[in-house]
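Structure, as structure tokens:
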Amino acid sequence: NAKKRTQNNYSFYDLQFKKDAISYTETVTNLKQAVEKGELELYFQPQNDAQTGSIVGAEALIRWNYKGEVVPPDFFIQAAEKSGLIVEIGDFVLRKGFKTVKRWHDKKIAKGRVAINVSAHQLTHLDFINTLKSMLQESGCEASWIELEITESSVLENPDLVIDLLQKIKALGFHISVDDFGTGYSSLSYLKNLPIDKLKIDRSFIMSIQTEPKNQIIVKTTIFLGNELGIHVLAEGVETEEEHSFLLENKIDSIQGYYYSKPLSLDEFEKLLKM
Ligand code: C2E
Ligand code: MG
Ligand code: MG
Ligand code: MG
């Protein structure tokens, strides 16, 4: 229903961006200008301890302020990846993310790490490690305040290169999480070989937990696997009391989802941090 689809002040039905149904080429052209015109912005969604409910981190999520609308990434991230613009956008996200985290630490309102999404293209780009280093210097941010989210497909595309990169990232002091866990062509061997701190169980398993007994088993087993391997396990997209209690019973570490909060603008999120 229409109400369910409404989040962050936009509704998928109202979105002019979608009605215009702009082409790939137009999206890329507009997106290039968006970077230059400063139309990109970060929202923050809290991550909460499953037992106490207190904020233990946040994920930075990009938004595009386009013609008065807040456009979510599903409308432009693929075009950004395909065109290579994701490197420039990724740099923006890192720079803005680090700067924001530094400010929270200075103001003593920081709560846990901030997770930043890194696309496969961005990760394997020639300069990524140097970019991270220079942005740490530039921002005064500590690597241990940041978690970088990668996806299973990043690893799969180029395993040897990615193992090397992740070890370098880890050596700098960043934490590493696997996003959308379970949706890619996962190989369990990488849990053994890669320096991974956290698994984020994909929302698709969580949203059907109630109706799909198989998903219950998958989620339970993933939590168990993470716990046994000493890897933190977070569930994404938790919306209901039922989902929450199922996850808690099965010893999930933390939760990110509308159950606690949708992604918030910087101002809104800072209010939450100060509470
Ligand atoms: P993701 O990294 O898996 O982020 C989680 C997505 O789930 C976010 O969507 C968040 O708003 C949504 N979500 C969280 N809790 C709930 C819930 O309870 N119910 C529902 N229905 N949704 C929930 P968002 O912000 O639209 O981002 C979509 C995807 O776009 C992200 O998925 C990520 O893959 C990508 N993305 C976002 N920001 C960036 C970025 O800065 N760089 C890159 N490369 N990708 C990004
Ligand atoms: Mg993510
Ligand atoms: Mg995810
Ligand atoms: Mg996702």
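Residues are referred to by chain and number: the chain letter is A, B, ... according to the order shown in the structure tokens, the number counts from 1 in that chain, and ligands are numbered separately from 1 in the order shown.
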For this session: Produce as number ranges by chain the set of residues near ligand 1, where near means within 7 Å with only C-alpha atoms and all ligand atoms considered.
Result: A: 60-62, 72-74, 77, 86, 90, 93, 116-119, 179-180, 202, 236-239, 256-259, 262-263
Problem set entry | Shell around Ile109 (chain A) at 9 Å using only C-alpha atoms, local window under 5 positions removed, as a list in words | Arg103, Trp104, Glu270, Leu273 and Lys274 of chain A
Prev. selection, all heavy atoms, output as a short mmCIF file (atom, residue, chain, number, x, y, z; two decimals), in the first residue's frame:
```cif
data_model
loop_
_atom_site.label_atom_id
_atom_site.label_comp_id
_atom_site.auth_asym_id
_atom_site.auth_seq_id
_atom_site.Cartn_x
_atom_site.Cartn_y
_atom_site.Cartn_z
N ARG A 103 33.45 15.64 13.66
CA ARG A 103 32.71 16.66 14.41
C ARG A 103 31.98 16.06 15.61
O ARG A 103 31.96 16.63 16.69
CB ARG A 103 31.74 17.42 13.50
CG ARG A 103 31.46 18.79 14.04
CD ARG A 103 30.45 19.62 13.29
NE ARG A 103 29.17 19.00 13.14
CZ ARG A 103 28.63 18.67 11.98
NH1 ARG A 103 29.29 18.92 10.87
NH2 ARG A 103 27.45 18.10 11.92
N TRP A 104 31.38 14.89 15.40
CA TRP A 104 30.67 14.23 16.52
C TRP A 104 31.63 13.88 17.65
O TRP A 104 31.29 13.96 18.82
CB TRP A 104 29.94 12.98 16.03
CG TRP A 104 28.79 13.29 15.10
CD1 TRP A 104 28.17 14.50 14.94
CD2 TRP A 104 28.15 12.38 14.19
NE1 TRP A 104 27.18 14.39 13.99
CE2 TRP A 104 27.14 13.11 13.51
CE3 TRP A 104 28.32 11.03 13.88
CZ2 TRP A 104 26.31 12.53 12.55
CZ3 TRP A 104 27.50 10.45 12.93
CH2 TRP A 104 26.50 11.20 12.28
N GLU A 270 21.59 14.24 14.55
CA GLU A 270 22.36 14.86 15.63
C GLU A 270 21.48 15.10 16.87
O GLU A 270 21.95 14.96 18.00
CB GLU A 270 23.00 16.17 15.16
CG GLU A 270 24.18 15.90 14.24
CD GLU A 270 25.08 17.10 14.01
OE1 GLU A 270 24.72 18.23 14.42
OE2 GLU A 270 26.15 16.91 13.41
N LEU A 273 21.45 11.91 18.66
CA LEU A 273 22.72 11.65 19.35
C LEU A 273 22.82 12.43 20.65
O LEU A 273 23.42 11.96 21.62
CB LEU A 273 23.91 12.03 18.45
CG LEU A 273 24.26 11.11 17.29
CD1 LEU A 273 25.46 11.66 16.54
CD2 LEU A 273 24.55 9.69 17.78
N LYS A 274 22.23 13.63 20.66
CA LYS A 274 22.33 14.48 21.85
C LYS A 274 21.36 14.07 22.94
O LYS A 274 21.46 14.54 24.07
CB LYS A 274 22.07 15.95 21.46
CG LYS A 274 23.24 16.58 20.71
CD LYS A 274 22.88 17.98 20.21
CE LYS A 274 23.92 18.48 19.23
NZ LYS A 274 23.33 19.50 18.32
#
```
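You will find CA of Lys67 (chain A) at 10.6 Å from CA of Ala34 (chain A).
With only C-alpha atoms and all ligand atoms as the basis for measurement, A:Ala115 is the residue among A:Ala115, A:Val71, A:Ile231, A:Leu272 that approaches ligand 3 most closely.
With only C-alpha atoms and all ligand atoms as the atoms that count, the residue of A:Glu88, A:Glu26, A:Glu142, A:Glu149 with the shortest distance to ligand 4 is A:Glu149.
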For this session: Give me the residues within 10 Å of Ile146 (chain A) as number ranges by chain, counting only C-alpha atoms and dropping any in the same chain fewer than 2 places off.
Result: A: 57-59, 94, 97-98, 101, 112-116, 141-144, 148-149, 173-176
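Between CA of Glu138 (chain A) and CA of Arg95 (chain A) there is a distance of 8.6 Å.
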For this session: Quick one: pick out all alpha helix (DSSP H) residues within region 28-228 of chain A from a backbone DSSP run and write them as a PyMOL selection string.
Result: chain A and resi 28-37+77-83+86-106+120-123+128-139+152-157+159-172+189-193+203-206+213-228
Problem set entry | Selected residue, from A:Asn250, A:Arg203, A:Val87, A:Ala110, that lies nearest to Asp127 (chain A) when counting only C-alpha atoms | A:Val87
Exercise. Restricting the calculation to only C-alpha atoms and all ligand atoms, which member of A:Glu152, A:Glu69, A:Asp91, A:Asp106 is positioned closest to ligand 2?
Worked result: A:Glu152
Problem set entry | Test item: residues at most 12 Å from Leu199 (chain A), only C-alpha atoms, excluding those fewer than 3 positions along its chain, as a ChimeraX atom specification | /A:147-152,175-183,186,191,195-196,202,219,222-227,229-236,252-255
Problem set entry | Sel. of strand (DSSP E) residues, region 61-247 of chain A, as number ranges by chain | A: 61-66, 69-71, 113-117, 146-151, 175-181, 198-201, 232-236
Store the residues picked out above in a file with N, CA and C atoms, as an mmCIF file, in the first residue's frame.
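What landed in result-v8.cif:
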```cif
data_model
loop_
_atom_site.group_PDB
_atom_site.id
_atom_site.type_symbol
_atom_site.label_atom_id
_atom_site.label_comp_id
_atom_site.auth_asym_id
_atom_site.auth_seq_id
_atom_site.Cartn_x
_atom_site.Cartn_y
_atom_site.Cartn_z
ATOM 1 N N LEU A 61 23.895 7.000 4.459
ATOM 2 C CA LEU A 61 23.178 6.621 3.233
ATOM 3 C C LEU A 61 22.984 7.850 2.364
ATOM 4 N N ILE A 62 23.380 7.726 1.116
ATOM 5 C CA ILE A 62 23.368 8.901 0.241
ATOM 6 C C ILE A 62 21.963 9.242 -0.256
ATOM 7 N N ARG A 63 21.712 10.534 -0.403
ATOM 8 C CA ARG A 63 20.465 11.047 -0.970
ATOM 9 C C ARG A 63 20.806 12.133 -1.970
ATOM 10 N N TRP A 64 19.931 12.301 -2.957
ATOM 11 C CA TRP A 64 20.134 13.323 -3.992
ATOM 12 C C TRP A 64 18.990 14.320 -3.929
ATOM 13 N N ASN A 65 19.311 15.549 -3.603
ATOM 14 C CA ASN A 65 18.291 16.597 -3.595
ATOM 15 C C ASN A 65 18.116 17.111 -5.015
ATOM 16 N N TYR A 66 17.103 16.584 -5.679
ATOM 17 C CA TYR A 66 16.902 16.853 -7.097
ATOM 18 C C TYR A 66 15.567 17.541 -7.305
ATOM 19 N N GLU A 69 13.190 17.367 -4.508
ATOM 20 C CA GLU A 69 12.833 16.047 -3.990
ATOM 21 C C GLU A 69 14.062 15.349 -3.402
ATOM 22 N N VAL A 70 13.809 14.480 -2.430
ATOM 23 C CA VAL A 70 14.901 13.677 -1.879
ATOM 24 C C VAL A 70 14.893 12.317 -2.587
ATOM 25 N N VAL A 71 15.838 12.126 -3.465
ATOM 26 C CA VAL A 71 15.855 10.904 -4.278
ATOM 27 C C VAL A 71 16.766 9.857 -3.626
ATOM 28 N N ARG A 113 30.523 3.327 15.770
ATOM 29 C CA ARG A 113 31.125 3.626 14.463
ATOM 30 C C ARG A 113 30.085 4.080 13.459
ATOM 31 N N VAL A 114 30.575 4.773 12.431
ATOM 32 C CA VAL A 114 29.717 5.094 11.296
ATOM 33 C C VAL A 114 30.125 4.216 10.118
ATOM 34 N N ALA A 115 29.132 3.553 9.549
ATOM 35 C CA ALA A 115 29.381 2.656 8.421
ATOM 36 C C ALA A 115 29.196 3.404 7.114
ATOM 37 N N ILE A 116 30.140 3.193 6.205
ATOM 38 C CA ILE A 116 30.103 3.846 4.896
ATOM 39 C C ILE A 116 30.132 2.780 3.810
ATOM 40 N N ASN A 117 29.191 2.887 2.863
ATOM 41 C CA ASN A 117 29.115 1.904 1.777
ATOM 42 C C ASN A 117 30.214 2.141 0.748
ATOM 43 N N ILE A 146 35.401 4.327 11.977
ATOM 44 C CA ILE A 146 34.704 4.085 10.712
ATOM 45 C C ILE A 146 34.647 2.603 10.394
ATOM 46 N N GLU A 147 33.511 2.220 9.808
ATOM 47 C CA GLU A 147 33.362 0.856 9.314
ATOM 48 C C GLU A 147 33.090 0.968 7.813
ATOM 49 N N LEU A 148 33.759 0.170 7.018
ATOM 50 C CA LEU A 148 33.514 0.201 5.580
ATOM 51 C C LEU A 148 32.694 -1.027 5.192
ATOM 52 N N GLU A 149 31.597 -0.794 4.466
ATOM 53 C CA GLU A 149 30.712 -1.888 4.057
ATOM 54 C C GLU A 149 31.011 -2.301 2.626
ATOM 55 N N ILE A 150 31.296 -3.568 2.468
ATOM 56 C CA ILE A 150 31.493 -4.104 1.114
ATOM 57 C C ILE A 150 30.439 -5.182 0.866
ATOM 58 N N THR A 151 30.252 -5.549 -0.380
ATOM 59 C CA THR A 151 29.280 -6.605 -0.661
ATOM 60 C C THR A 151 30.007 -7.873 -1.099
ATOM 61 N N HIS A 175 37.198 -0.837 10.452
ATOM 62 C CA HIS A 175 36.435 -2.072 10.572
ATOM 63 C C HIS A 175 35.803 -2.387 9.219
ATOM 64 N N ILE A 176 35.539 -3.659 8.997
ATOM 65 C CA ILE A 176 34.986 -4.075 7.707
ATOM 66 C C ILE A 176 33.728 -4.908 7.929
ATOM 67 N N SER A 177 32.655 -4.551 7.198
ATOM 68 C CA SER A 177 31.447 -5.381 7.291
ATOM 69 C C SER A 177 31.026 -5.856 5.909
ATOM 70 N N VAL A 178 30.322 -6.988 5.892
ATOM 71 C CA VAL A 178 29.774 -7.508 4.638
ATOM 72 C C VAL A 178 28.294 -7.151 4.598
ATOM 73 N N ASP A 179 27.933 -6.335 3.622
ATOM 74 C CA ASP A 179 26.572 -5.831 3.457
ATOM 75 C C ASP A 179 25.721 -6.842 2.686
ATOM 76 N N ASP A 180 24.417 -6.807 2.895
ATOM 77 C CA ASP A 180 23.475 -7.658 2.147
ATOM 78 C C ASP A 180 23.884 -9.122 2.217
ATOM 79 N N PHE A 181 24.377 -9.533 3.383
ATOM 80 C CA PHE A 181 24.921 -10.892 3.512
ATOM 81 C C PHE A 181 23.867 -11.942 3.159
ATOM 82 N N LYS A 198 32.013 -7.764 10.762
ATOM 83 C CA LYS A 198 30.554 -7.787 10.926
ATOM 84 C C LYS A 198 29.849 -8.340 9.689
ATOM 85 N N LEU A 199 28.778 -9.097 9.920
ATOM 86 C CA LEU A 199 27.896 -9.523 8.834
ATOM 87 C C LEU A 199 26.590 -8.772 8.978
ATOM 88 N N LYS A 200 26.095 -8.224 7.879
ATOM 89 C CA LYS A 200 24.780 -7.574 7.896
ATOM 90 C C LYS A 200 23.815 -8.455 7.115
ATOM 91 N N ILE A 201 22.924 -9.129 7.851
ATOM 92 C CA ILE A 201 21.972 -10.032 7.192
ATOM 93 C C ILE A 201 20.991 -9.192 6.377
ATOM 94 N N HIS A 232 30.601 -10.040 14.521
ATOM 95 C CA HIS A 232 29.387 -9.352 14.945
ATOM 96 C C HIS A 232 28.292 -9.562 13.886
ATOM 97 N N VAL A 233 27.056 -9.811 14.318
ATOM 98 C CA VAL A 233 25.970 -9.991 13.349
ATOM 99 C C VAL A 233 24.874 -8.947 13.564
ATOM 100 N N LEU A 234 24.547 -8.240 12.485
ATOM 101 C CA LEU A 234 23.498 -7.216 12.501
ATOM 102 C C LEU A 234 22.396 -7.645 11.540
ATOM 103 N N ALA A 235 21.150 -7.384 11.908
ATOM 104 C CA ALA A 235 20.029 -7.642 10.998
ATOM 105 C C ALA A 235 19.559 -6.323 10.395
ATOM 106 N N GLU A 236 19.403 -6.310 9.082
ATOM 107 C CA GLU A 236 18.972 -5.105 8.361
ATOM 108 C C GLU A 236 17.474 -5.133 8.122
#
```
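As for CA of Ser265 (chain A) and CA of Glu36 (chain A), they are spaced 20.6 Å apart.
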Seminar exercise, completed: For ligand 2, the closest of A:Leu266, A:Lys32, A:Phe246, A:Gln47 counting only C-alpha atoms and all ligand atoms is A:Gln47
Exercise. With only C-alpha atoms as the basis for distance, which of A:Tyr43, A:Met207, A:Ile129, A:Gly184 is at the shortest distance from Ala171 (chain A)?
Worked result: A:Ile129
